[in-house]
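S.K.: Coordinates in input.txt, compact mmCIF, C-alpha atoms and all ligand atoms, are listed below.
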# COMPACT_ATOMS: atom_id res chain seq x y z
CA MET N 1 -45.63 -111.32 -104.78
CA ALA N 2 -46.42 -113.89 -102.12
CA VAL N 3 -48.41 -114.61 -98.99
CA LEU N 4 -46.39 -115.91 -96.03
CA LYS N 5 -48.21 -117.33 -93.01
CA ALA N 6 -46.18 -118.40 -89.99
CA HIS N 7 -48.31 -120.26 -87.47
CA LYS N 8 -46.90 -120.82 -83.96
CA VAL N 9 -43.49 -121.87 -85.26
CA THR N 10 -41.22 -123.51 -82.73
CA LYS N 11 -37.80 -124.95 -83.49
CA GLU N 12 -35.66 -126.95 -81.13
CA PHE N 13 -32.19 -128.27 -81.88
CA PRO N 14 -30.93 -131.34 -80.04
CA PRO N 15 -27.98 -130.72 -77.70
CA THR N 16 -24.53 -131.11 -79.23
CA THR N 17 -23.18 -132.90 -76.14
CA LYS N 18 -24.97 -135.00 -73.52
CA ASP N 19 -24.68 -132.47 -70.68
CA GLN N 20 -26.15 -129.57 -72.69
CA PRO N 21 -29.85 -128.68 -72.83
CA VAL N 22 -31.98 -128.60 -75.98
CA VAL N 23 -31.60 -125.27 -77.84
CA ARG N 24 -34.92 -123.56 -78.42
CA ALA N 25 -34.19 -121.33 -81.41
CA LEU N 26 -37.80 -120.28 -82.12
CA ASP N 27 -40.73 -120.14 -79.76
CA GLY N 28 -44.22 -119.55 -81.12
CA ILE N 29 -43.52 -117.26 -84.10
CA ASP N 30 -46.89 -116.16 -85.45
CA PHE N 31 -47.35 -113.56 -88.19
CA GLU N 32 -48.48 -113.00 -91.75
CA MET N 33 -47.17 -110.86 -94.55
CA SER N 34 -48.19 -110.36 -98.16
CA GLY N 35 -48.22 -108.00 -101.12
CA GLN N 36 -45.54 -105.44 -101.88
CA SER N 37 -44.32 -105.40 -98.31
CA PHE N 38 -40.79 -105.13 -96.99
CA VAL N 39 -40.67 -106.77 -93.59
CA SER N 40 -37.52 -106.81 -91.51
CA MET N 41 -36.89 -109.29 -88.76
CA VAL N 42 -34.44 -107.69 -86.36
CA GLY N 43 -32.78 -109.23 -83.36
CA PRO N 44 -29.50 -109.89 -81.61
CA SER N 45 -27.20 -112.68 -82.68
CA GLY N 46 -28.61 -116.10 -81.83
CA CYS N 47 -32.28 -115.08 -81.60
CA GLY N 48 -33.27 -117.46 -84.39
CA LYS N 49 -33.40 -115.17 -87.45
CA SER N 50 -31.52 -117.47 -89.81
CA THR N 51 -33.35 -120.49 -88.45
CA PHE N 52 -36.66 -118.82 -89.32
CA LEU N 53 -35.44 -118.01 -92.84
CA ASN N 54 -34.26 -121.59 -93.27
CA ILE N 55 -37.72 -122.82 -92.31
CA VAL N 56 -39.36 -120.43 -94.79
CA SER N 57 -37.06 -121.71 -97.54
CA GLY N 58 -37.64 -125.35 -96.57
CA VAL N 59 -34.02 -126.07 -95.58
CA GLU N 60 -35.19 -126.71 -92.00
CA THR N 61 -38.53 -128.00 -90.74
CA PRO N 62 -40.22 -126.55 -87.66
CA THR N 63 -40.46 -128.72 -84.54
CA THR N 64 -44.07 -127.60 -84.15
CA GLY N 65 -46.21 -125.11 -86.08
CA SER N 66 -46.01 -124.33 -89.78
CA VAL N 67 -44.93 -121.83 -92.40
CA ASP N 68 -46.92 -121.61 -95.63
CA VAL N 69 -45.73 -119.56 -98.57
CA THR N 70 -47.95 -119.26 -101.64
CA ALA N 71 -47.74 -117.11 -104.74
CA ASP N 72 -50.18 -114.20 -104.82
CA GLY N 73 -52.40 -115.89 -107.38
CA GLY N 74 -52.22 -119.24 -105.50
CA GLY N 75 -49.82 -122.13 -106.07
CA ALA N 76 -46.19 -122.56 -105.16
CA ALA N 77 -44.20 -119.36 -104.63
CA ARG N 78 -40.87 -118.80 -106.32
CA LEU N 79 -38.19 -117.85 -103.79
CA GLY N 80 -35.09 -115.73 -104.24
CA TYR N 81 -32.20 -115.53 -101.77
CA VAL N 82 -29.48 -113.09 -100.89
CA PHE N 83 -27.07 -114.21 -98.18
CA GLN N 84 -24.43 -112.52 -96.06
CA ASP N 85 -21.73 -113.59 -98.50
CA PRO N 86 -22.63 -113.47 -102.20
CA ARG N 87 -22.03 -117.20 -102.87
CA LEU N 88 -21.08 -116.72 -106.53
CA LEU N 89 -19.54 -119.46 -108.62
CA PRO N 90 -15.93 -118.27 -109.00
CA TRP N 91 -15.33 -120.01 -112.35
CA LEU N 92 -18.26 -118.22 -114.01
CA THR N 93 -18.43 -114.62 -115.21
CA VAL N 94 -20.96 -112.16 -113.79
CA THR N 95 -23.36 -112.88 -116.66
CA ASP N 96 -22.93 -116.64 -116.40
CA ASN N 97 -23.62 -116.55 -112.65
CA LEU N 98 -27.07 -115.18 -113.50
CA ILE N 99 -27.62 -117.42 -116.51
CA TYR N 100 -26.73 -120.45 -114.40
CA VAL N 101 -29.85 -120.13 -112.21
CA GLN N 102 -32.26 -119.60 -115.11
CA PRO N 103 -34.62 -122.13 -116.61
CA LYS N 104 -33.60 -123.21 -120.13
CA ALA N 105 -35.75 -120.65 -121.96
CA ASN N 106 -34.06 -117.73 -120.18
CA LYS N 107 -30.46 -118.88 -120.45
CA LYS N 108 -29.27 -115.96 -122.54
CA LEU N 109 -27.58 -112.60 -122.07
CA GLU N 110 -30.61 -110.65 -123.29
CA TYR N 111 -32.69 -112.12 -120.48
CA VAL N 112 -30.28 -111.35 -117.62
CA GLN N 113 -28.94 -108.02 -118.92
CA PRO N 114 -31.78 -105.87 -117.46
CA TYR N 115 -31.06 -107.28 -113.99
CA LEU N 116 -27.38 -106.44 -114.31
CA ASP N 117 -28.36 -102.93 -115.45
CA LEU N 118 -30.73 -102.66 -112.47
CA VAL N 119 -27.88 -103.01 -109.97
CA GLY N 120 -25.39 -100.89 -111.93
CA LEU N 121 -23.24 -103.74 -113.29
CA THR N 122 -23.44 -102.67 -116.93
CA GLY N 123 -19.95 -103.03 -118.39
CA PHE N 124 -18.90 -105.70 -115.89
CA GLU N 125 -20.74 -108.60 -117.55
CA HIS N 126 -17.62 -110.55 -118.52
CA MET N 127 -15.65 -110.16 -115.32
CA TYR N 128 -15.05 -112.95 -112.81
CA PRO N 129 -16.12 -112.58 -109.16
CA ALA N 130 -12.50 -112.52 -107.91
CA HIS N 131 -11.90 -109.31 -109.87
CA LEU N 132 -14.83 -107.48 -108.27
CA SER N 133 -14.99 -105.63 -104.94
CA GLY N 134 -17.10 -107.10 -102.13
CA GLY N 135 -19.86 -104.57 -102.83
CA MET N 136 -19.95 -105.45 -106.51
CA GLN N 137 -20.03 -109.15 -105.77
CA GLN N 138 -23.00 -108.55 -103.50
CA ARG N 139 -24.68 -106.63 -106.34
CA VAL N 140 -24.28 -109.69 -108.55
CA GLY N 141 -25.95 -111.71 -105.78
CA ILE N 142 -28.83 -109.24 -105.66
CA ALA N 143 -29.18 -109.19 -109.47
CA ARG N 144 -29.22 -112.98 -109.46
CA ALA N 145 -31.95 -113.08 -106.80
CA PHE N 146 -34.13 -110.61 -108.71
CA SER N 147 -33.47 -112.36 -112.03
CA VAL N 148 -35.47 -115.41 -110.98
CA GLU N 149 -38.43 -113.03 -110.51
CA PRO N 150 -39.15 -114.34 -107.03
CA ASP N 151 -42.58 -114.02 -105.45
CA LEU N 152 -40.80 -113.84 -102.11
CA LEU N 153 -37.27 -112.50 -101.72
CA LEU N 154 -35.38 -113.68 -98.63
CA MET N 155 -32.40 -111.62 -97.53
CA ASP N 156 -30.20 -112.72 -94.62
CA GLU N 157 -27.99 -109.82 -93.44
CA PRO N 158 -26.93 -109.07 -97.03
CA PHE N 159 -24.91 -105.95 -96.23
CA SER N 160 -23.31 -106.94 -92.94
CA HIS N 161 -19.96 -107.88 -94.54
CA LEU N 162 -19.65 -104.62 -96.49
CA ASP N 163 -17.89 -101.47 -95.34
CA ALA N 164 -20.18 -98.72 -94.02
CA ILE N 165 -20.06 -96.52 -97.12
CA THR N 166 -20.74 -99.37 -99.54
CA ALA N 167 -23.54 -100.67 -97.32
CA ARG N 168 -25.18 -97.25 -97.26
CA GLY N 169 -25.10 -97.08 -101.06
CA MET N 170 -26.53 -100.58 -101.35
CA ARG N 171 -29.42 -99.73 -99.01
CA ALA N 172 -30.31 -96.75 -101.17
CA GLU N 173 -30.14 -98.95 -104.24
CA LEU N 174 -32.24 -101.71 -102.71
CA GLN N 175 -35.02 -99.21 -101.93
CA ARG N 176 -34.97 -98.05 -105.53
CA ILE N 177 -35.01 -101.60 -106.94
CA TRP N 178 -37.75 -102.71 -104.58
CA ALA N 179 -39.93 -99.73 -105.53
CA ARG N 180 -39.56 -100.69 -109.20
CA THR N 181 -39.96 -104.45 -109.02
CA LYS N 182 -42.86 -104.98 -106.59
CA ARG N 183 -41.63 -107.93 -104.56
CA THR N 184 -42.55 -109.31 -101.16
CA VAL N 185 -39.34 -109.10 -99.14
CA LEU N 186 -38.40 -110.70 -95.84
CA PHE N 187 -35.17 -109.06 -94.71
CA ILE N 188 -33.11 -110.25 -91.77
CA THR N 189 -30.73 -107.98 -89.91
CA HIS N 190 -29.28 -107.30 -86.47
CA ASP N 191 -29.15 -103.59 -87.35
CA VAL N 192 -32.15 -101.51 -86.23
CA ILE N 193 -30.93 -98.46 -88.18
CA GLU N 194 -30.87 -100.47 -91.40
CA ALA N 195 -34.29 -101.98 -90.69
CA VAL N 196 -35.92 -98.57 -90.23
CA GLN N 197 -34.41 -97.26 -93.41
CA LEU N 198 -35.66 -100.15 -95.53
CA SER N 199 -38.83 -101.63 -94.07
CA ASP N 200 -42.49 -100.86 -93.90
CA ARG N 201 -42.75 -103.24 -90.95
CA ILE N 202 -40.26 -104.33 -88.33
CA ILE N 203 -40.56 -107.48 -86.27
CA ILE N 204 -38.18 -107.46 -83.31
CA LEU N 205 -37.13 -110.91 -82.12
CA GLU N 206 -35.69 -111.57 -78.70
CA VAL N 207 -33.25 -114.29 -77.75
CA GLY N 208 -35.24 -117.47 -77.27
CA GLY N 209 -36.97 -116.84 -80.60
CA ARG N 210 -40.04 -114.88 -79.55
CA ILE N 211 -41.58 -111.81 -81.19
CA TYR N 212 -40.92 -108.88 -78.84
CA ALA N 213 -42.48 -106.12 -80.96
CA ASP N 214 -44.22 -105.80 -84.33
CA ILE N 215 -44.00 -102.24 -85.61
CA GLU N 216 -45.53 -100.60 -88.70
CA VAL N 217 -43.23 -97.99 -90.25
CA GLY N 218 -45.29 -95.24 -91.84
CA LEU N 219 -42.48 -93.26 -93.49
CA SER N 220 -42.47 -92.66 -97.25
CA TYR N 221 -39.71 -93.83 -99.62
CA PRO N 222 -36.99 -93.13 -100.52
CA ARG N 223 -35.71 -92.76 -96.97
CA LEU N 224 -32.56 -90.78 -96.60
CA GLN N 225 -30.28 -91.15 -93.63
CA THR N 226 -30.25 -87.35 -93.42
CA ASP N 227 -34.07 -87.09 -93.07
CA PRO N 228 -34.90 -86.07 -89.46
CA ALA N 229 -38.09 -88.21 -89.47
CA VAL N 230 -36.01 -91.29 -90.30
CA ALA N 231 -33.46 -90.45 -87.60
CA THR N 232 -36.19 -89.90 -84.98
CA LEU N 233 -37.87 -93.22 -85.69
CA GLN N 234 -34.51 -94.97 -85.71
CA SER N 235 -33.74 -93.67 -82.25
CA GLU N 236 -37.24 -94.61 -80.96
CA ILE N 237 -36.97 -98.17 -82.22
CA LEU N 238 -33.40 -98.43 -81.01
CA GLN N 239 -34.77 -97.58 -77.57
CA VAL N 240 -37.28 -100.46 -77.77
CA PHE N 241 -34.40 -102.73 -78.78
CA GLU N 242 -32.17 -101.58 -75.96
CA GLU N 243 -34.96 -102.00 -73.42
CA MET N 244 -35.34 -105.58 -74.58
CA GLU N 245 -31.59 -106.17 -74.32
CA SER N 246 -31.28 -104.65 -70.85
CA ARG N 247 -34.23 -106.75 -69.64
CA ARG N 248 -32.43 -109.84 -70.89
CA ALA N 249 -29.17 -108.72 -69.26
CA SER N 250 -30.87 -108.21 -65.91
CA LYS N 251 -32.39 -111.71 -66.11
CA ASP N 252 -29.11 -113.38 -66.99
CA PRO N 253 -26.91 -113.54 -63.88
CA ARG N 254 -23.68 -113.81 -65.95
CA ILE N 255 -24.42 -110.68 -68.00
CA ALA N 256 -25.78 -108.81 -64.96
CA ALA N 257 -22.59 -109.50 -62.99
CA LYS N 258 -20.39 -108.37 -65.88
CA ALA N 259 -22.40 -105.17 -66.38
CA GLY N 260 -22.56 -104.50 -62.64
CA GLY N 261 -26.35 -104.74 -63.00
CA GLU N 262 -28.78 -105.45 -60.18
CA SER N 263 -29.80 -108.96 -59.29
CA THR N 264 -33.41 -109.80 -60.06
CA THR N 265 -33.59 -112.53 -57.44
CA ALA N 266 -35.52 -110.33 -55.03
N1 LIG N 301 -28.13 -126.63 -86.89
C1 LIG N 301 -28.12 -126.22 -85.61
N2 LIG N 301 -27.87 -127.07 -84.60
C2 LIG N 301 -27.88 -126.68 -83.31
N3 LIG N 301 -28.16 -125.42 -82.91
C3 LIG N 301 -28.41 -124.51 -83.86
C4 LIG N 301 -28.41 -124.85 -85.27
N4 LIG N 301 -28.71 -123.73 -85.99
C5 LIG N 301 -28.89 -122.75 -85.08
N5 LIG N 301 -28.73 -123.21 -83.81
C6 LIG N 301 -28.88 -122.43 -82.57
O1 LIG N 301 -30.16 -121.79 -82.62
C7 LIG N 301 -30.08 -120.47 -82.12
C8 LIG N 301 -30.50 -119.49 -83.20
O2 LIG N 301 -29.54 -119.48 -84.25
P1 LIG N 301 -29.67 -118.60 -85.56
O3 LIG N 301 -31.00 -118.84 -86.17
O4 LIG N 301 -28.48 -118.84 -86.40
O5 LIG N 301 -29.61 -117.10 -84.95
P2 LIG N 301 -29.39 -115.70 -85.67
O6 LIG N 301 -29.45 -115.91 -87.14
O7 LIG N 301 -30.47 -114.83 -85.13
O8 LIG N 301 -28.04 -115.21 -85.21
C9 LIG N 301 -28.64 -120.27 -81.65
O9 LIG N 301 -28.58 -120.55 -80.28
C10 LIG N 301 -27.88 -121.30 -82.46
O10 LIG N 301 -26.72 -121.71 -81.78
MG MG N 302 -28.04 -115.46 -88.71
Reformat the file's structure so that it appears as structure tokens.

M.R.:
Amino acid sequence: MAVLKAHKVTKEFPPTTKDQPVVRALDGIDFEMSGQSFVSMVGPSGCGKSTFLNIVSGVETPTTGSVDVTADGGGAARLGYVFQDPRLLPWLTVTDNLIYVQPKANKKLEYVQPYLDLVGLTGFEHMYPAHLSGGMQQRVGIARAFSVEPDLLLMDEPFSHLDAITARGMRAELQRIWARTKRTVLFITHDVIEAVQLSDRIIILEVGGRIYADIEVGLSYPRLQTDPAVATLQSEILQVFEEMESRRASKDPRIAAKAGGESTTA
């Protein structure tokens, strides 16, 4: 497990052409997470979710502020990633995709097999990614991420390319795996429903890269879509999300005109 501390993180991207303004992707992101927590960062497209994840993983650096990630016992944290697309190496079998990311001592079937079993890939060890469905490929990606025994697992919209039924199954499975493996997870999604089902805390980001709400989710696991308490909380948080979106729409003259909304230039 890991401790993540984000301190007033701001990220600006230079304009792509001369007549465009600087893009402020993140604006003062400030929060901490640690232990066996599952935190979702939810927000509309373009609100800076992936940028934040890239800063956590060190791919990007913040313009101002800082993100520190340390292992629970101190020292550098090991990170695991699951992306929107599984990013498997097509010329390697399922097993070899996992073995590939291991340090020398763990480069053997016996080491990776439990992780394949964990995601229900037993019997598929010697298949190539091209022969697997999208859902199964994503399972390989998840097994690979868990197989490095990460202190912090970063997931960027991992189920958004899957069909609804497969995605639902994967969410159920992820809850089960997370309960068994005790990881700190930062999960990115644009889907409030998904966030409520998976997370013990939800951070809602608004466009411009600011935290709009930070909500503790007190429901027990496993959370079933059919549980009325889950459905009620989903609809409450969806309301918060929609309020945020309609506020943005009423501030943006282009969106307001399209939606027939009122002008705020009173
Ligand atoms: N490398 C980049 N160069 C310029 N602008 C970028 C870059 N990466 C992201 N952005 C901009 O930053 C904002 C946030 O992007 P992103 O983090 O990808 O959002 P999200 O993942 O929430 O959809 C967007 O306006 C996007 O166009
Ligand atoms: Mg993104």

S.K.: Go ahead and compute the interatomic distance for atom CA of N:Ala143 and atom CA of N:Asp156, in Å to one decimal.

M.R.: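 Here the two named atoms are 15.3 Å from each other.
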
S.K.: Considering only C-alpha atoms and all ligand atoms, can you say which of N:Lys49, N:His190, N:Arg171, N:Arg139 comes closest to ligand LIG 301 (chain N)?

M.R.: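 Ranked by minimum distance to ligand LIG 301 (chain N), first place goes to N:Lys49.
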
S.K.: When you look at N:Leu116 with a cut-off of 10 Å (counting only C-alpha atoms), what residues show up, excluding the ones that are within fewer than 2 positions of it in the same chain? I need them as a JSON list (two decimals) with C-alpha atoms, in the frame of the given file.

M.R.:
[["chain", "number", "residue", "atom", "x", "y", "z"],
["N", 94, "VAL", "CA", -20.96, -112.16, -113.79],
["N", 95, "THR", "CA", -23.36, -112.88, -116.66],
["N", 98, "LEU", "CA", -27.07, -115.18, -113.50],
["N", 109, "LEU", "CA", -27.58, -112.60, -122.07],
["N", 111, "TYR", "CA", -32.69, -112.12, -120.48],
["N", 112, "VAL", "CA", -30.28, -111.35, -117.62],
["N", 113, "GLN", "CA", -28.94, -108.02, -118.92],
["N", 114, "PRO", "CA", -31.78, -105.87, -117.46],
["N", 118, "LEU", "CA", -30.73, -102.66, -112.47],
["N", 119, "VAL", "CA", -27.88, -103.01, -109.97],
["N", 120, "GLY", "CA", -25.39, -100.89, -111.93],
["N", 121, "LEU", "CA", -23.24, -103.74, -113.29],
["N", 122, "THR", "CA", -23.44, -102.67, -116.93],
["N", 123, "GLY", "CA", -19.95, -103.03, -118.39],
["N", 124, "PHE", "CA", -18.90, -105.70, -115.89],
["N", 125, "GLU", "CA", -20.74, -108.60, -117.55],
["N", 139, "ARG", "CA", -24.68, -106.63, -106.34],
["N", 140, "VAL", "CA", -24.28, -109.69, -108.55],
["N", 142, "ILE", "CA", -28.83, -109.24, -105.66],
["N", 143, "ALA", "CA", -29.18, -109.19, -109.47],
["N", 144, "ARG", "CA", -29.22, -112.98, -109.46],
["N", 146, "PHE", "CA", -34.13, -110.61, -108.71],
["N", 147, "SER", "CA", -33.47, -112.36, -112.03]]

S.K.: Around ligand MG 302 (chain N), at most 9 Å away and counting only C-alpha atoms and all ligand atoms, which residues are there? Put them as number ranges by chain, please.

M.R.: N: 45-51, 53, 84, 156-157, 188-190

S.K.: Please, which residues in chain N fall within 12 Å of ligand LIG 301 (chain N) when counting all atoms listed in the file, and what is the closest atom pair and distance in Å to one decimal for each, ordered by chain then residue number, as a tab-separated table?

M.R.:
residue	atom	partner	partner_atom	distance
N:Thr10	CA	N:LIG301	O1	11.2
N:Lys11	CA	N:LIG301	O1	8.3
N:Glu12	CA	N:LIG301	O1	7.7
N:Phe13	CA	N:LIG301	C2	4.8
N:Pro14	CA	N:LIG301	C2	6.5
N:Pro15	CA	N:LIG301	C2	6.9
N:Thr16	CA	N:LIG301	C2	6.9
N:Thr17	CA	N:LIG301	C2	10.6
N:Gln20	CA	N:LIG301	C2	11.1
N:Pro21	CA	N:LIG301	N3	10.7
N:Val22	CA	N:LIG301	N3	8.5
N:Val23	CA	N:LIG301	O1	6.1
N:Arg24	CA	N:LIG301	O1	6.6
N:Ala25	CA	N:LIG301	O1	4.2
N:Leu26	CA	N:LIG301	C8	7.4
N:Asp27	CA	N:LIG301	C8	10.8
N:Met41	CA	N:LIG301	O7	9.2
N:Val42	CA	N:LIG301	O7	8.3
N:Gly43	CA	N:LIG301	O7	6.3
N:Pro44	CA	N:LIG301	O7	6.1
N:Ser45	CA	N:LIG301	O8	3.7
N:Gly46	CA	N:LIG301	O5	3.4
N:Cys47	CA	N:LIG301	O7	4.0
N:Gly48	CA	N:LIG301	O3	3.2
N:Lys49	CA	N:LIG301	O7	3.8
N:Ser50	CA	N:LIG301	O6	3.7
N:Thr51	CA	N:LIG301	O3	3.7
N:Phe52	CA	N:LIG301	O3	6.5
N:Leu53	CA	N:LIG301	O3	8.1
N:Asn54	CA	N:LIG301	O3	8.3
N:Ile55	CA	N:LIG301	O3	9.9
N:Val59	CA	N:LIG301	N1	10.5
N:Glu60	CA	N:LIG301	N1	8.7
N:Thr61	CA	N:LIG301	N1	11.2
N:Pro62	CA	N:LIG301	N4	12.0
N:Phe83	CA	N:LIG301	O6	11.4
N:Gln84	CA	N:LIG301	O6	10.8
N:Met155	CA	N:LIG301	O6	11.6
N:Asp156	CA	N:LIG301	O6	8.2
N:Glu157	CA	N:LIG301	O6	8.9
N:Phe187	CA	N:LIG301	O6	11.7
N:Ile188	CA	N:LIG301	O6	8.2
N:Thr189	CA	N:LIG301	O7	8.4
N:His190	CA	N:LIG301	O7	7.7
N:Asp191	CA	N:LIG301	O7	11.5
N:Ile204	CA	N:LIG301	O7	10.8
N:Leu205	CA	N:LIG301	O7	8.3
N:Glu206	CA	N:LIG301	O7	8.9
N:Val207	CA	N:LIG301	O7	7.9
N:Gly208	CA	N:LIG301	C7	7.7
N:Gly209	CA	N:LIG301	C8	7.5
N:Arg210	CA	N:LIG301	O7	11.1

S.K.: Can you measure atom CA of N:Arg87 to atom CA of N:His126 for me? One decimal in Å is fine.

M.R.: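 If I compute the distance from atom CA of N:Arg87 to atom CA of N:His126, I get 17.6 Å.
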
S.K.: Tell me which of N:Arg176, N:Glu242, N:Glu236, N:Ile211 sits closest to N:Leu224, counting all atoms listed in the file.

M.R.: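 Once distances to N:Leu224 are computed over all atoms listed in the file, the minimum belongs to N:Arg176.
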
S.K.: From the list N:Trp91, N:Glu149, N:Leu186, N:Gly35, which residue is nearest N:Ser57 when using only C-alpha atoms?

M.R.: N:Leu186

S.K.: So which residues fall inside 12 Å of (-40.0, -116.4, -101.8) if we count only C-alpha atoms? Mind giving them as a ChimeraX atom specification?

M.R.: /N:1-4,33-35,53-58,67-72,76-82,145-146,148-155,183-187

S.K.: Just C-alpha atoms for this one: save the residues we selected as a CSV table (one decimal), keeping the file's coordinate frame.

M.R.:
chain,number,residue,atom,x,y,z
N,1,MET,CA,-45.6,-111.3,-104.8
N,2,ALA,CA,-46.4,-113.9,-102.1
N,3,VAL,CA,-48.4,-114.6,-99.0
N,4,LEU,CA,-46.4,-115.9,-96.0
N,33,MET,CA,-47.2,-110.9,-94.6
N,34,SER,CA,-48.2,-110.4,-98.2
N,35,GLY,CA,-48.2,-108.0,-101.1
N,53,LEU,CA,-35.4,-118.0,-92.8
N,54,ASN,CA,-34.3,-121.6,-93.3
N,55,ILE,CA,-37.7,-122.8,-92.3
N,56,VAL,CA,-39.4,-120.4,-94.8
N,57,SER,CA,-37.1,-121.7,-97.5
N,58,GLY,CA,-37.6,-125.4,-96.6
N,67,VAL,CA,-44.9,-121.8,-92.4
N,68,ASP,CA,-46.9,-121.6,-95.6
N,69,VAL,CA,-45.7,-119.6,-98.6
N,70,THR,CA,-48.0,-119.3,-101.6
N,71,ALA,CA,-47.7,-117.1,-104.7
N,72,ASP,CA,-50.2,-114.2,-104.8
N,76,ALA,CA,-46.2,-122.6,-105.2
N,77,ALA,CA,-44.2,-119.4,-104.6
N,78,ARG,CA,-40.9,-118.8,-106.3
N,79,LEU,CA,-38.2,-117.8,-103.8
N,80,GLY,CA,-35.1,-115.7,-104.2
N,81,TYR,CA,-32.2,-115.5,-101.8
N,82,VAL,CA,-29.5,-113.1,-100.9
N,145,ALA,CA,-32.0,-113.1,-106.8
N,146,PHE,CA,-34.1,-110.6,-108.7
N,148,VAL,CA,-35.5,-115.4,-111.0
N,149,GLU,CA,-38.4,-113.0,-110.5
N,150,PRO,CA,-39.2,-114.3,-107.0
N,151,ASP,CA,-42.6,-114.0,-105.4
N,152,LEU,CA,-40.8,-113.8,-102.1
N,153,LEU,CA,-37.3,-112.5,-101.7
N,154,LEU,CA,-35.4,-113.7,-98.6
N,155,MET,CA,-32.4,-111.6,-97.5
N,183,ARG,CA,-41.6,-107.9,-104.6
N,184,THR,CA,-42.6,-109.3,-101.2
N,185,VAL,CA,-39.3,-109.1,-99.1
N,186,LEU,CA,-38.4,-110.7,-95.8
N,187,PHE,CA,-35.2,-109.1,-94.7

S.K.: Using all atoms listed in the file, pick whichever of N:Tyr115, N:Ala164, N:Pro228, N:Val39 has the shortest atom-to-atom distance to N:Thr181.

M.R.: N:Tyr115

S.K.: As a PDB file with C-alpha atoms, keeping the file's coordinate frame, please: the residues near N:Ile215 (cut-off 8 Å, all atoms listed in the file, same-chain neighbours under 3 positions excluded).

M.R.:
ATOM      1  CA  ARG N 201     -42.750-103.240 -90.950  1.00  0.00           C
ATOM      2  CA  ILE N 202     -40.260-104.330 -88.330  1.00  0.00           C
ATOM      3  CA  ILE N 203     -40.560-107.480 -86.270  1.00  0.00           C
TER       4      ILE N 203
END

S.K.: State, in Å with one decimal place, the distance from atom CA of N:Thr63 to atom CA of N:Phe31.

M.R.: 17.0 Å

S.K.: Would you list the contacts of N:Leu198 as a list in words, taking every protein, DNA or RNA residue within 10 Å and counting only C-alpha atoms, but skipping same-chain residues closer than 2 positions in sequence?

M.R.: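 Final neighbour list, sorted by chain and number: Phe38, Val39, Ser40, Arg171, Ala172, Leu174, Gln175, Trp178, Phe187, Ile193, Glu194, Ala195, Val196, Asp200, Arg201, Ile202, Val217, Leu219, Tyr221, Pro222, Arg223 and Leu224 of chain N.
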
S.K.: Which protein, DNA or RNA residues have an atom at most 6 Å from (-50.8, -115.8, -90.4), counting all atoms listed in the file? List them as a PDB file with C-alpha atoms, in the coordinates of the input.

M.R.:
ATOM      1  CA  LYS N   5     -48.210-117.330 -93.010  1.00  0.00           C
ATOM      2  CA  ALA N   6     -46.180-118.400 -89.990  1.00  0.00           C
ATOM      3  CA  HIS N   7     -48.310-120.260 -87.470  1.00  0.00           C
ATOM      4  CA  PHE N  31     -47.350-113.560 -88.190  1.00  0.00           C
ATOM      5  CA  GLU N  32     -48.480-113.000 -91.750  1.00  0.00           C
TER       6      GLU N  32
END

S.K.: Filtering to N, CA, C and O atoms, could stretch 53-60 of chain N of the supplied structure be written out as a CSV table (one decimal), in the first residue's frame?

M.R.:
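Result file selection19.csv:
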chain,number,residue,atom,x,y,z
N,53,LEU,N,-3.1,11.7,-13.4
N,53,LEU,CA,-2.5,10.3,-13.4
N,53,LEU,C,-1.1,10.3,-13.9
N,53,LEU,O,-0.2,9.7,-13.4
N,54,ASN,N,-0.9,11.0,-15.0
N,54,ASN,CA,0.4,11.1,-15.6
N,54,ASN,C,1.4,11.8,-14.7
N,54,ASN,O,2.6,11.5,-14.7
N,55,ILE,N,0.9,12.7,-13.9
N,55,ILE,CA,1.8,13.4,-12.9
N,55,ILE,C,2.1,12.4,-11.8
N,55,ILE,O,3.3,12.3,-11.4
N,56,VAL,N,1.1,11.7,-11.3
N,56,VAL,CA,1.4,10.7,-10.3
N,56,VAL,C,2.4,9.7,-10.7
N,56,VAL,O,3.3,9.3,-10.0
N,57,SER,N,2.3,9.3,-12.0
N,57,SER,CA,3.2,8.2,-12.5
N,57,SER,C,4.6,8.8,-12.9
N,57,SER,O,5.5,8.0,-13.2
N,58,GLY,N,4.7,10.1,-13.0
N,58,GLY,CA,6.0,10.8,-13.3
N,58,GLY,C,6.2,11.0,-14.8
N,58,GLY,O,7.2,11.5,-15.2
N,59,VAL,N,5.1,10.7,-15.6
N,59,VAL,CA,5.2,10.9,-17.1
N,59,VAL,C,5.2,12.4,-17.3
N,59,VAL,O,5.8,12.9,-18.3
N,60,GLU,N,4.4,13.1,-16.6
N,60,GLU,CA,4.3,14.6,-16.7
N,60,GLU,C,4.8,15.2,-15.3
N,60,GLU,O,4.7,14.5,-14.3
